[in-house]
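Okay, so here's the structure we're looking at.
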Amino acid sequence: MIAIRDPGLRAGRAGRTREPTRQLLRDVSGRIGWAVLAWAVALAFFLPVAWMVLTAFKPESAAETWPPQFTFSPTLSQFQLVFSGWGPYLTHSVIATVVSTILVLALGVPAAYALSLQPIKRWRDGLFFFISTKMLPIVAAIGPLYVIALKTHLLDSIWVLIILYTAMNLPLAVWMIRSFMLEVPGELLEAARLDGAGRIREIREVILPIVSPGLVSTALICVIFAWNELFLALNLTVTNAATMPMFLISSVPQEGLFIAHLCAAATVASVPVIIAGWIAQRSLVRGLSLGAIK
Amino acid sequence: MANVRYVSATRVFGKGMPAAVDGLDLDINDGEFMVLVGPSGSGKTTALRMLAGLEPLDGGRVEIGDRDVTFVPPKDRDIAMVFQNYALYPQKTVAENMGFALKMQGVHRTERDRRVREAAKLLDLDEQLLGRKPKQLSGGQRQRVAMGRAIVREPKVFLMDEPLSNLDAKLRVQTRSQIAELQRRLGITTVYVTHDQVEAMTMGNRVAVLSGGQLQQCATPRELYDNPVNQFVAGFIGSPAMNLRTVPLTDGGARLADRVLPLPPAIRTAAREAGLSELVIGMRPEHLHVTAASPQADAARDLDGSAELTGEVILVEELGADALLHVRLPEGGNQVVARAEGRKPPTPGQAVTLRIQPDDVFAFHPVTGARLAG
Amino acid sequence: MTVVEDLAPPPKVEIRPRAVGRREAWARRLPLLPALIYVVVVTQIPFVVTLWYSFQSYFWDVPGGAHFTGLSNYTKVFTSPDFRGALVRSVIMTASAVIVAMILGVVCAVLLDRKFFGRGVVRTLIITPFLVMPAAASLVWAGPMLDPNFGLLNYLLAPFGVNHVAWLSTHPLGSVIVVMIWQWTPFMTLIVLAGLQSQPTDTLEAAKVDGAGALATFRELTLPHLRPYIELGILLGSIYLVNTFDQVRLMTNGGPGTTTTNLPFYLYQQVNNAFDIGGAAAAGVVTVVLTIIVATFALRLFARVFQAQETRA
């Protein structure tokens with residue numbers, strides 16, 4: 001059978017059988033059902049967060065009622081309270097988080113480089129060493145840590161947090177950055193080497209530009225963990241270095257109504273990290289799995 | 001065993017985009033080995049997937065064994081498919097891979113094992129391999145497991161999506177003939193997709209040439225070679241490719257370089273009727289005969305009506321049995337490829353005379369590409 | 001000129017670092033040293049000190065400082081019902097949270113693996129619990145969610161006959177575990193989702209052609225494919241979850257009594273309430289040893305998961 005077709009002719013709909021209505025209905029209802037189920041699960045997970053944010057706008061009188069109120073006249077007074085009290089806590093959190101993250105990147109990038117692109121002989125051991133520090137619970141050493149901090153006059157100083165947060169996030173960062181570096185095409189590095197680039201040049205001009213989105217993700221993940229950290233802050237700081245998690249605790253008074261205020265504080269405390277996580281969403285997997293999964 | 005029919009089958013991927021498969025009409029006979037061939041993007045794989053049920057149709061229908069299967073899910077179409085990258089189940093053993101479809105059908109274990117072993121024997125797969133996982137096999141072994149998985153099912157139709165493209169050249173040639181022989185033995189209708197026209201020509205009972213989602217020609221390999229229906233088929237089938245040149249018409253023929261190529265009256269009439277001042281001529285390299293210069297030979301040849309071209313050899317590709325000459329023609333730097341004897345081919349820089357019979361010259365419409373006076 | 005095409009894929013070569021000269025070897029080590037030294041100093045020194053103190057009797061509120069006491073701290077730890085209770089509770093809390101979070105994670109991942117309207121938003125909503133500050137999550141669940149008098153949960157469950165339940169009093173362990181699950185399901189979801197999306201589509205199509213329905217495909221192909229991902233999720237999740245502190249401290253403060261006291265909280269109490277540095281140190285050392293034992297088994301799993309990692313010389 002020879003068929004010659006005019007190149008300009010478009011598809012003809014001659015002889016098309018209609019899709020059986022039953023099957024069509026099943027397909028469409030299946031798709032709708034899936035979406036409904038997925039949305040239901042998502043809203044269920046998000047509900048406590050939504051409730052927290054909603055309650056933050058309530059006056060206290062509307063926050064501890066039965067049944068719980070969904071409509072009320074919103075007020076910003078809780079937030080005003082929060083913003084009047086959060087100053088030092090915010091500062092401490094920001095300093096601890098930002099400085100420790102910068103340190104993590106400064107130490108982590110060269111370390112990741114040495115474990116990926118110009119590997120040392122025992123790179124596997126190096127990697128596993130970093131991971132092993134993550135596995136040992138920091139809680140076990142809290143007593144002696146307290147004593148050390150006291151004796152070195154670092155107790156209740158922002159530096160104890162910076163030092164410890166850096167150590168806490170460094171293994172994570174090294175694994176993550178390493179996985180990003182392994183994605184740099186080998187040919188690019190070879191070309192750079194042929195062009196005479198030394199090691200530092202190579203890092204700066206070839207690797208960093210390609211890896212920089214990965215560095216941003218790594219930084220965001222470190223920020224998330226440092227910002228949310230409670231245990232060390234609780235045990236090693238009192239007032240001079242108290243961070244946002246501590247601020248939260250302080251908004252739970254011994255008596256009196258406090259739920260709306262608590263929610264406002266919780267919202268304010270959580271929002272930066274939630275935004276950071278939403279931005280770094282795609283890299284969350286890589287960070288959480290220590291770079292094992294893309 | 002069944003016949004297969006595409007009726008005006010169409011698939012469009014995005015709104016406003018050209019159709020990937022455009023109104024395909026194709027009848028495949030029961031037990032036939034039909035090859036779908038074409039360059040990438042021609043729609044051949046999409047057409048195969050439409051037959052498999054892996055792509056929906058946006059127009060037209062598909063029939064297997066005279067039954068409309070357009071909306072029937074793949075598992076109910078009684079087909080088996082060999083994928084380009086084999087698509088073997090990585091966590092299952094070879095035996096489990098091959099027996100998977102039977103397991104899904106509820107076939108009993110002993111029966112499954114028997115059929116798997118039979119298929120393995122048919123494909124020359126060693127019994128030891130049955131317990132291994134795909135990643136422990138070589139490329140050629142994996143390909144055979146993929147075929148085995150299809151054979152075990154004894155389906156109505158075999159679908160094969162470029163199953164040889166991941167094999168090295170030598171293995172490919174070997175496996176090609178094995179597949180063709182297997183199909184002959186089993187007699188199952190087979191639809192085979194490839195971009196390699198050599199594969200198409202050597203394996204198919206009939207070959208369907210596709211381009212831009214449209215069927216160009218469907219015929220036996222011989223027919224496609226001798227009587228291409230348009231410029232695309234003429235240039236696609238045959239290796240090395242046909243020389244195609246757009247040339248102006250003159251009295252008695254077409255002007256190529258510094259010569260006038262005499263054209264048969266049929267072509268000249270067709271061209272005149274179509275109101276053409278130029279057309280595309282096609283000359284197969286094997287029809288451009290390299291001749292030695294000698295007065296007697298010249299005289300003899302002048303009488304046989306063949307057209308003569310002269311030019312300078314630019315490049316010689318030695319293939320052993322033959323040699324391909326790239327010859328530059330005077331006036332305009334046109335180049336043609338001619339096939340010559342492998343033994344003592346002309347050397348680059350040498351002047352050479354090529355002769356071609358007028359009947360061996362193809363002519364095509366310069367705009368539509370349709371063959372003139374076929 | 002003959003042209004022969006060879007389309008065989010290049011053989012897989014394990015890339016080893018080239019044998020390098022000594023100076024080059026040191027030049028390569030150099031970038032690693034700052035991070036390595038830093039981590040060693042900051043993490044190993046405290047543990048050495050912990051080890052030291054574990055053999056000392058050192059009470060914060062007792063004058064006289066630390067003095068050597070041999071293994072008495074360890075005896076105390078091994079005979080202490082509180083420590084054993086905390087250990088058991090840690091295991092229970094971690095195991096149940098990890099398992100339930102993984103099951104829910106698989107469900108969410110399967111839901112997210114198909115295209116539907118607003119899929120990106122749904123994904124963002126599902127991962128949010130992980131991002132919420134654990135301290136905030138704990139306090140919000142303890143109050144606005146679970147309170148018997150004004151909590152949202154009681155309100156939502158009222159039509160089902162639930163009547164002003166004081167969750168934290170009557171089901172303290174369950175409540176804490178629920179919050180742990182709530183916060184860690186997104187983690188499991190993302191890991192399993194990465195696994196689902198790494199499944200080669202042509203094997204799924206082959207299964208379709210071979211007659212496997214959705215359930216059969218999931219059982220025969222997807223689950224085996226997901227196994228390393230699920231293992232990784234369980235492993236990493238356990239590592240993070242065993243250190244749960246925030247929820248225990250802020251929701252129930254380890255109580256009522258010791259019903260929700262896990263190892264981290266127990267150690268915290270030793271330091272903060274009992275001021276027993278020596279005892280806490282010994283408990284800490286035992287915790288570390290137990291963790292190492294579990295981690296060794298886990299690392300063997302890790303090695304398989306990370307087998308694909310390679311370097312470039």
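In the structure tokens, chains take letters A, B, ... by order of appearance, with residues numbered from 1 within each chain and ligands from 1 in the order shown.
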Would you mind listing, as a PyMOL selection string, all residues of chain B that have at least one atom within 6 Å of chain C, where only C-alpha atoms are what counts? chain B and resi 74-75+87+101+104+168+317-319
Those selected residues, please, written with C-alpha atoms and delivered as an mmCIF file, in the first residue's frame.
```cif
data_model
loop_
_atom_site.group_PDB
_atom_site.id
_atom_site.type_symbol
_atom_site.label_atom_id
_atom_site.label_comp_id
_atom_site.auth_asym_id
_atom_site.auth_seq_id
_atom_site.Cartn_x
_atom_site.Cartn_y
_atom_site.Cartn_z
ATOM 1 C CA PRO B 74 -2.001 -2.804 26.972
ATOM 2 C CA LYS B 75 -2.396 -5.931 29.030
ATOM 3 C CA ALA B 87 13.384 -2.527 30.464
ATOM 4 C CA ALA B 101 3.725 -11.840 32.371
ATOM 5 C CA MET B 104 0.369 -11.958 36.083
ATOM 6 C CA ASP B 168 27.937 -3.104 19.153
ATOM 7 C CA GLU B 317 36.626 6.117 0.785
ATOM 8 C CA GLU B 318 37.965 2.593 0.597
ATOM 9 C CA LEU B 319 35.558 -0.040 1.849
#
```
Filtered DSSP result for range 174-303 of chain C, state alpha helix (DSSP H), as a PDB file with C-alpha atoms, in the first residue's frame:
```
ATOM      1  CA  GLY C 174       1.135   8.701  72.526  1.00  0.00           C
ATOM      2  CA  SER C 175       0.839  12.464  72.329  1.00  0.00           C
ATOM      3  CA  VAL C 176       4.595  12.951  72.181  1.00  0.00           C
ATOM      4  CA  ILE C 177       4.950  10.227  69.601  1.00  0.00           C
ATOM      5  CA  VAL C 178       2.196  11.789  67.486  1.00  0.00           C
ATOM      6  CA  VAL C 179       4.113  15.064  67.365  1.00  0.00           C
ATOM      7  CA  MET C 180       7.313  13.222  66.491  1.00  0.00           C
ATOM      8  CA  ILE C 181       5.499  11.464  63.668  1.00  0.00           C
ATOM      9  CA  TRP C 182       3.910  14.722  62.514  1.00  0.00           C
ATOM     10  CA  GLN C 183       7.290  16.391  62.270  1.00  0.00           C
ATOM     11  CA  TRP C 184       9.187  13.530  60.639  1.00  0.00           C
ATOM     12  CA  THR C 185       6.736  12.161  58.095  1.00  0.00           C
ATOM     13  CA  PRO C 186       7.813  14.848  55.600  1.00  0.00           C
ATOM     14  CA  PHE C 187      11.380  13.586  55.900  1.00  0.00           C
ATOM     15  CA  MET C 188      10.329  10.057  55.042  1.00  0.00           C
ATOM     16  CA  THR C 189       8.041  11.356  52.309  1.00  0.00           C
ATOM     17  CA  LEU C 190      10.838  13.221  50.557  1.00  0.00           C
ATOM     18  CA  ILE C 191      13.219  10.277  50.659  1.00  0.00           C
ATOM     19  CA  VAL C 192      10.645   7.795  49.390  1.00  0.00           C
ATOM     20  CA  LEU C 193       9.510  10.298  46.765  1.00  0.00           C
ATOM     21  CA  ALA C 194      13.082  10.554  45.490  1.00  0.00           C
ATOM     22  CA  GLY C 195      13.033   6.770  45.229  1.00  0.00           C
ATOM     23  CA  LEU C 196       9.747   6.729  43.351  1.00  0.00           C
ATOM     24  CA  GLN C 197      10.938   9.339  40.918  1.00  0.00           C
ATOM     25  CA  THR C 201       9.735   4.535  33.345  1.00  0.00           C
ATOM     26  CA  ASP C 202      10.339   1.857  30.762  1.00  0.00           C
ATOM     27  CA  THR C 203      10.270  -0.950  33.315  1.00  0.00           C
ATOM     28  CA  LEU C 204       6.931   0.373  34.502  1.00  0.00           C
ATOM     29  CA  GLU C 205       5.691   0.360  30.916  1.00  0.00           C
ATOM     30  CA  ALA C 206       6.999  -3.160  30.426  1.00  0.00           C
ATOM     31  CA  ALA C 207       5.002  -4.206  33.466  1.00  0.00           C
ATOM     32  CA  LYS C 208       1.911  -2.606  31.967  1.00  0.00           C
ATOM     33  CA  VAL C 209       2.401  -4.543  28.768  1.00  0.00           C
ATOM     34  CA  ALA C 214      -1.390  -0.876  39.568  1.00  0.00           C
ATOM     35  CA  LEU C 215      -1.281  -2.931  42.767  1.00  0.00           C
ATOM     36  CA  ALA C 216       0.787  -5.738  41.249  1.00  0.00           C
ATOM     37  CA  THR C 217       3.244  -3.234  39.801  1.00  0.00           C
ATOM     38  CA  LEU C 223       8.575  -1.810  46.602  1.00  0.00           C
ATOM     39  CA  PRO C 224      11.757  -3.755  45.754  1.00  0.00           C
ATOM     40  CA  HIS C 225      13.072  -0.628  44.068  1.00  0.00           C
ATOM     41  CA  LEU C 226      12.220   1.455  47.123  1.00  0.00           C
ATOM     42  CA  ARG C 227      13.918  -0.865  49.548  1.00  0.00           C
ATOM     43  CA  PRO C 228      17.255   0.980  49.774  1.00  0.00           C
ATOM     44  CA  TYR C 229      15.428   4.280  50.111  1.00  0.00           C
ATOM     45  CA  ILE C 230      13.188   2.995  52.866  1.00  0.00           C
ATOM     46  CA  GLU C 231      16.207   1.545  54.629  1.00  0.00           C
ATOM     47  CA  LEU C 232      18.013   4.862  54.373  1.00  0.00           C
ATOM     48  CA  GLY C 233      14.975   6.719  55.664  1.00  0.00           C
ATOM     49  CA  ILE C 234      14.597   4.406  58.628  1.00  0.00           C
ATOM     50  CA  LEU C 235      18.292   4.574  59.398  1.00  0.00           C
ATOM     51  CA  LEU C 236      18.645   8.331  59.226  1.00  0.00           C
ATOM     52  CA  GLY C 237      15.260   8.905  60.826  1.00  0.00           C
ATOM     53  CA  SER C 238      16.262   6.740  63.761  1.00  0.00           C
ATOM     54  CA  ILE C 239      19.498   8.643  64.195  1.00  0.00           C
ATOM     55  CA  TYR C 240      17.659  11.944  64.379  1.00  0.00           C
ATOM     56  CA  LEU C 241      14.672  10.666  66.351  1.00  0.00           C
ATOM     57  CA  ASP C 246      12.336  19.333  72.548  1.00  0.00           C
ATOM     58  CA  GLN C 247       8.988  17.568  72.475  1.00  0.00           C
ATOM     59  CA  LEU C 263      17.478   8.999  77.212  1.00  0.00           C
ATOM     60  CA  PRO C 264      18.192  12.579  76.173  1.00  0.00           C
ATOM     61  CA  PHE C 265      15.740  13.884  78.739  1.00  0.00           C
ATOM     62  CA  TYR C 266      17.111  11.589  81.417  1.00  0.00           C
ATOM     63  CA  LEU C 267      20.614  12.891  80.826  1.00  0.00           C
ATOM     64  CA  TYR C 268      19.276  16.418  80.900  1.00  0.00           C
ATOM     65  CA  GLN C 269      17.637  15.748  84.255  1.00  0.00           C
ATOM     66  CA  GLN C 270      20.811  14.279  85.684  1.00  0.00           C
ATOM     67  CA  VAL C 271      22.631  17.471  84.898  1.00  0.00           C
ATOM     68  CA  ASN C 272      19.962  20.013  85.611  1.00  0.00           C
ATOM     69  CA  ILE C 277      27.900  15.426  86.494  1.00  0.00           C
ATOM     70  CA  GLY C 278      29.628  12.125  87.158  1.00  0.00           C
ATOM     71  CA  GLY C 279      26.453  10.093  86.882  1.00  0.00           C
ATOM     72  CA  ALA C 280      25.364  11.928  83.789  1.00  0.00           C
ATOM     73  CA  ALA C 281      28.774  11.335  82.251  1.00  0.00           C
ATOM     74  CA  ALA C 282      28.598   7.615  82.897  1.00  0.00           C
ATOM     75  CA  ALA C 283      25.072   7.454  81.511  1.00  0.00           C
ATOM     76  CA  GLY C 284      26.312   9.401  78.544  1.00  0.00           C
ATOM     77  CA  VAL C 285      29.155   6.991  77.925  1.00  0.00           C
ATOM     78  CA  VAL C 286      26.807   4.022  78.097  1.00  0.00           C
ATOM     79  CA  THR C 287      24.496   5.788  75.642  1.00  0.00           C
ATOM     80  CA  VAL C 288      27.393   6.385  73.300  1.00  0.00           C
ATOM     81  CA  VAL C 289      28.520   2.764  73.473  1.00  0.00           C
ATOM     82  CA  LEU C 290      24.999   1.551  72.743  1.00  0.00           C
ATOM     83  CA  THR C 291      24.772   3.985  69.854  1.00  0.00           C
ATOM     84  CA  ILE C 292      28.073   2.772  68.446  1.00  0.00           C
ATOM     85  CA  ILE C 293      26.895  -0.823  68.531  1.00  0.00           C
ATOM     86  CA  VAL C 294      23.685   0.022  66.721  1.00  0.00           C
ATOM     87  CA  ALA C 295      25.532   2.343  64.367  1.00  0.00           C
ATOM     88  CA  THR C 296      27.989  -0.353  63.339  1.00  0.00           C
ATOM     89  CA  PHE C 297      25.135  -2.480  62.092  1.00  0.00           C
ATOM     90  CA  ALA C 298      23.637   0.586  60.504  1.00  0.00           C
ATOM     91  CA  LEU C 299      26.891   1.603  58.842  1.00  0.00           C
ATOM     92  CA  ARG C 300      27.061  -1.703  57.077  1.00  0.00           C
ATOM     93  CA  LEU C 301      23.714  -0.790  55.555  1.00  0.00           C
ATOM     94  CA  PHE C 302      25.046   2.667  54.846  1.00  0.00           C
ATOM     95  CA  ALA C 303      28.002   1.248  52.977  1.00  0.00           C
TER      96      ALA C 303
END
```
Just how far from CA of Arg149 in chain B is CA of Val116 in chain B, in Å to one decimal? 8.2 Å
Kindly provide, as a ChimeraX atom specification, the residues of chain C having any atom no farther than 7 Å from an atom of chain A, counting only C-alpha atoms. /C:17,25,28-29,31-32,34-35,39,42,46-47,49-50,111,116-117,122,124-126,128,131-136,140,143-144,149-150,152,155,190-191,239,243,245-246,264,267,271,277,280-281,284-285,287-288,291,306,311-313
Please find the residues of chain B near chain A - the criterion being any atom within 9 Å, counting only C-alpha atoms - and write them as a ChimeraX atom specification. /B:7-12,18-19,21-27,58-61,68,70-71,212,214-219,229-230,368,370
Write the selection just made, keeping N, CA and C atoms, as an mmCIF file, in the first residue's frame?
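Printed below is out09.cif as written:
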```cif
data_model
loop_
_atom_site.group_PDB
_atom_site.id
_atom_site.type_symbol
_atom_site.label_atom_id
_atom_site.label_comp_id
_atom_site.auth_asym_id
_atom_site.auth_seq_id
_atom_site.Cartn_x
_atom_site.Cartn_y
_atom_site.Cartn_z
ATOM 1 N N VAL B 7 -5.745 2.938 11.362
ATOM 2 C CA VAL B 7 -6.694 3.666 10.519
ATOM 3 C C VAL B 7 -6.673 5.135 10.925
ATOM 4 N N SER B 8 -6.057 5.935 10.047
ATOM 5 C CA SER B 8 -6.023 7.377 10.273
ATOM 6 C C SER B 8 -5.512 7.725 11.676
ATOM 7 N N ALA B 9 -4.588 6.932 12.166
ATOM 8 C CA ALA B 9 -4.140 7.098 13.556
ATOM 9 C C ALA B 9 -3.340 8.387 13.714
ATOM 10 N N THR B 10 -3.692 9.148 14.751
ATOM 11 C CA THR B 10 -3.059 10.450 14.956
ATOM 12 C C THR B 10 -2.694 10.651 16.410
ATOM 13 N N ARG B 11 -1.543 11.265 16.621
ATOM 14 C CA ARG B 11 -1.156 11.608 17.986
ATOM 15 C C ARG B 11 -0.530 12.986 17.964
ATOM 16 N N VAL B 12 -1.071 13.866 18.785
ATOM 17 C CA VAL B 12 -0.535 15.221 18.891
ATOM 18 C C VAL B 12 -0.104 15.434 20.334
ATOM 19 N N PRO B 18 2.870 20.406 15.776
ATOM 20 C CA PRO B 18 2.608 19.496 14.650
ATOM 21 C C PRO B 18 2.422 18.082 15.182
ATOM 22 N N ALA B 19 1.615 17.298 14.476
ATOM 23 C CA ALA B 19 1.294 15.953 14.938
ATOM 24 C C ALA B 19 2.531 15.077 14.918
ATOM 25 N N VAL B 21 2.283 11.753 15.039
ATOM 26 C CA VAL B 21 1.858 10.762 14.056
ATOM 27 C C VAL B 21 0.627 11.354 13.387
ATOM 28 N N ASP B 22 0.687 11.472 12.071
ATOM 29 C CA ASP B 22 -0.320 12.274 11.372
ATOM 30 C C ASP B 22 -1.170 11.413 10.447
ATOM 31 N N GLY B 23 -2.313 10.965 10.940
ATOM 32 C CA GLY B 23 -3.228 10.242 10.059
ATOM 33 C C GLY B 23 -2.601 9.023 9.408
ATOM 34 N N LEU B 24 -2.037 8.141 10.203
ATOM 35 C CA LEU B 24 -1.342 6.975 9.667
ATOM 36 C C LEU B 24 -2.333 5.905 9.238
ATOM 37 N N ASP B 25 -2.232 5.475 7.976
ATOM 38 C CA ASP B 25 -3.034 4.351 7.480
ATOM 39 C C ASP B 25 -2.081 3.252 7.102
ATOM 40 N N LEU B 26 -2.151 2.133 7.792
ATOM 41 C CA LEU B 26 -1.207 1.056 7.515
ATOM 42 C C LEU B 26 -1.891 -0.279 7.793
ATOM 43 N N ASP B 27 -1.808 -1.204 6.841
ATOM 44 C CA ASP B 27 -2.344 -2.546 7.042
ATOM 45 C C ASP B 27 -1.195 -3.523 7.147
ATOM 46 N N ASP B 58 -5.145 10.500 19.460
ATOM 47 C CA ASP B 58 -5.936 11.726 19.395
ATOM 48 C C ASP B 58 -6.862 11.720 18.194
ATOM 49 N N GLY B 59 -6.724 10.712 17.345
ATOM 50 C CA GLY B 59 -7.597 10.618 16.180
ATOM 51 C C GLY B 59 -7.399 9.265 15.547
ATOM 52 N N GLY B 60 -8.446 8.765 14.870
ATOM 53 C CA GLY B 60 -8.298 7.484 14.210
ATOM 54 C C GLY B 60 -8.400 6.331 15.180
ATOM 55 N N ARG B 61 -8.027 5.131 14.692
ATOM 56 C CA ARG B 61 -8.085 3.986 15.586
ATOM 57 C C ARG B 61 -7.021 2.962 15.225
ATOM 58 N N ASP B 68 -11.159 -3.494 17.356
ATOM 59 C CA ASP B 68 -10.740 -2.119 17.678
ATOM 60 C C ASP B 68 -10.165 -2.090 19.098
ATOM 61 N N THR B 70 -8.391 0.549 20.339
ATOM 62 C CA THR B 70 -7.962 1.907 20.640
ATOM 63 C C THR B 70 -8.040 2.236 22.126
ATOM 64 N N PHE B 71 -9.079 1.743 22.792
ATOM 65 C CA PHE B 71 -9.220 2.088 24.199
ATOM 66 C C PHE B 71 -9.005 0.898 25.111
ATOM 67 N N GLY B 212 8.302 12.952 9.572
ATOM 68 C CA GLY B 212 7.433 14.006 10.078
ATOM 69 C C GLY B 212 6.065 13.513 10.483
ATOM 70 N N GLN B 214 4.311 11.298 9.068
ATOM 71 C CA GLN B 214 3.482 10.835 7.951
ATOM 72 C C GLN B 214 4.135 9.664 7.237
ATOM 73 N N LEU B 215 3.277 8.739 6.791
ATOM 74 C CA LEU B 215 3.762 7.599 6.045
ATOM 75 C C LEU B 215 4.153 8.056 4.658
ATOM 76 N N GLN B 216 5.406 7.769 4.273
ATOM 77 C CA GLN B 216 5.855 8.161 2.941
ATOM 78 C C GLN B 216 5.577 7.057 1.931
ATOM 79 N N GLN B 217 5.942 5.857 2.299
ATOM 80 C CA GLN B 217 5.733 4.742 1.387
ATOM 81 C C GLN B 217 5.813 3.457 2.177
ATOM 82 N N CYS B 218 4.972 2.508 1.807
ATOM 83 C CA CYS B 218 5.044 1.194 2.450
ATOM 84 C C CYS B 218 5.098 0.153 1.338
ATOM 85 N N ALA B 219 6.229 -0.560 1.255
ATOM 86 C CA ALA B 219 6.370 -1.536 0.174
ATOM 87 C C ALA B 219 7.472 -2.511 0.541
ATOM 88 N N VAL B 229 8.762 6.537 -4.060
ATOM 89 C CA VAL B 229 7.603 7.311 -4.476
ATOM 90 C C VAL B 229 7.832 8.820 -4.283
ATOM 91 N N ASN B 230 8.834 9.158 -3.465
ATOM 92 C CA ASN B 230 9.189 10.567 -3.379
ATOM 93 C C ASN B 230 10.655 10.737 -3.033
ATOM 94 N N THR B 368 7.265 19.600 -3.945
ATOM 95 C CA THR B 368 6.565 18.566 -3.181
ATOM 96 C C THR B 368 7.426 17.330 -2.942
ATOM 97 N N ALA B 370 7.514 14.820 -4.848
ATOM 98 C CA ALA B 370 6.892 13.645 -5.458
ATOM 99 C C ALA B 370 7.676 13.216 -6.684
#
```
List the spatial neighbours of Val35 in chain B as a ChimeraX atom specification - criterion: any atom at most 8 Å away, only C-alpha atoms, same-chain residues fewer than 5 positions off excluded. /B:191-194,200,203-208
Can you pull out the residues contacting Asn262 in chain C? Cut-off 10 Å, using only C-alpha atoms, and skip same-chain residues under 4 positions away; I want them as a ChimeraX atom specification. /C:82-94,242-245,248,254,258,266-268
Name the residues in contact with range 32-34 of chain B at a cut-off of 12 Å, using only C-alpha atoms, excluding same-chain residues fewer than 2 positions from it; report them as a PyMOL selection string. chain B and resi 1-5+26-30+36-37+44+48+156-160+179-194+199-209+218-221
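For the pair CA of Leu173 in chain C and CA of Arg249 in chain C, the interatomic distance is 12.4 Å.
Omitting range 324-328 of chain B and its sequence neighbours fewer than 5 positions away, and counting only C-alpha atoms, the residues within 7 Å are Gly311, Glu312, Val313, Ile314, Leu315, Val316, Glu317, Glu318, Gly333, Asn334, Gln335, Val336, Val337, Ala338, Arg339 and Ala340 of chain B.
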Among range 6-245 of chain C, which residues carry a DSSP assignment of strand (DSSP E), reported as a list in words? Gln56, Ser57, His67 and Phe68 of chain C
Show which residues sit within 9 Å of Asn85 in chain B, as an mmCIF file with C-alpha atoms, in the first residue's frame. Count only C-alpha atoms, and ignore same-chain residues fewer than 3 positions away.
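Once written, out_25.cif looks like this:
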```
data_model
loop_
_atom_site.group_PDB
_atom_site.id
_atom_site.type_symbol
_atom_site.label_atom_id
_atom_site.label_comp_id
_atom_site.auth_asym_id
_atom_site.auth_seq_id
_atom_site.Cartn_x
_atom_site.Cartn_y
_atom_site.Cartn_z
ATOM 1 C CA VAL B 82 10.839 -5.478 23.393
ATOM 2 C CA LEU B 88 14.292 -5.641 32.416
ATOM 3 C CA GLN B 143 18.819 -8.237 24.788
ATOM 4 C CA ASP B 161 11.454 -0.704 19.575
ATOM 5 C CA GLU B 162 14.978 -0.492 18.140
ATOM 6 C CA PRO B 163 16.094 -3.597 20.067
ATOM 7 C CA SER B 165 20.570 -0.073 18.814
ATOM 8 C CA ASN B 166 22.428 -0.651 22.075
ATOM 9 C CA ASP C 202 10.339 1.857 30.762
#
```
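Coordinates place CA of Ala56 in chain A at a distance of 10.3 Å from CA of Val82 in chain A.
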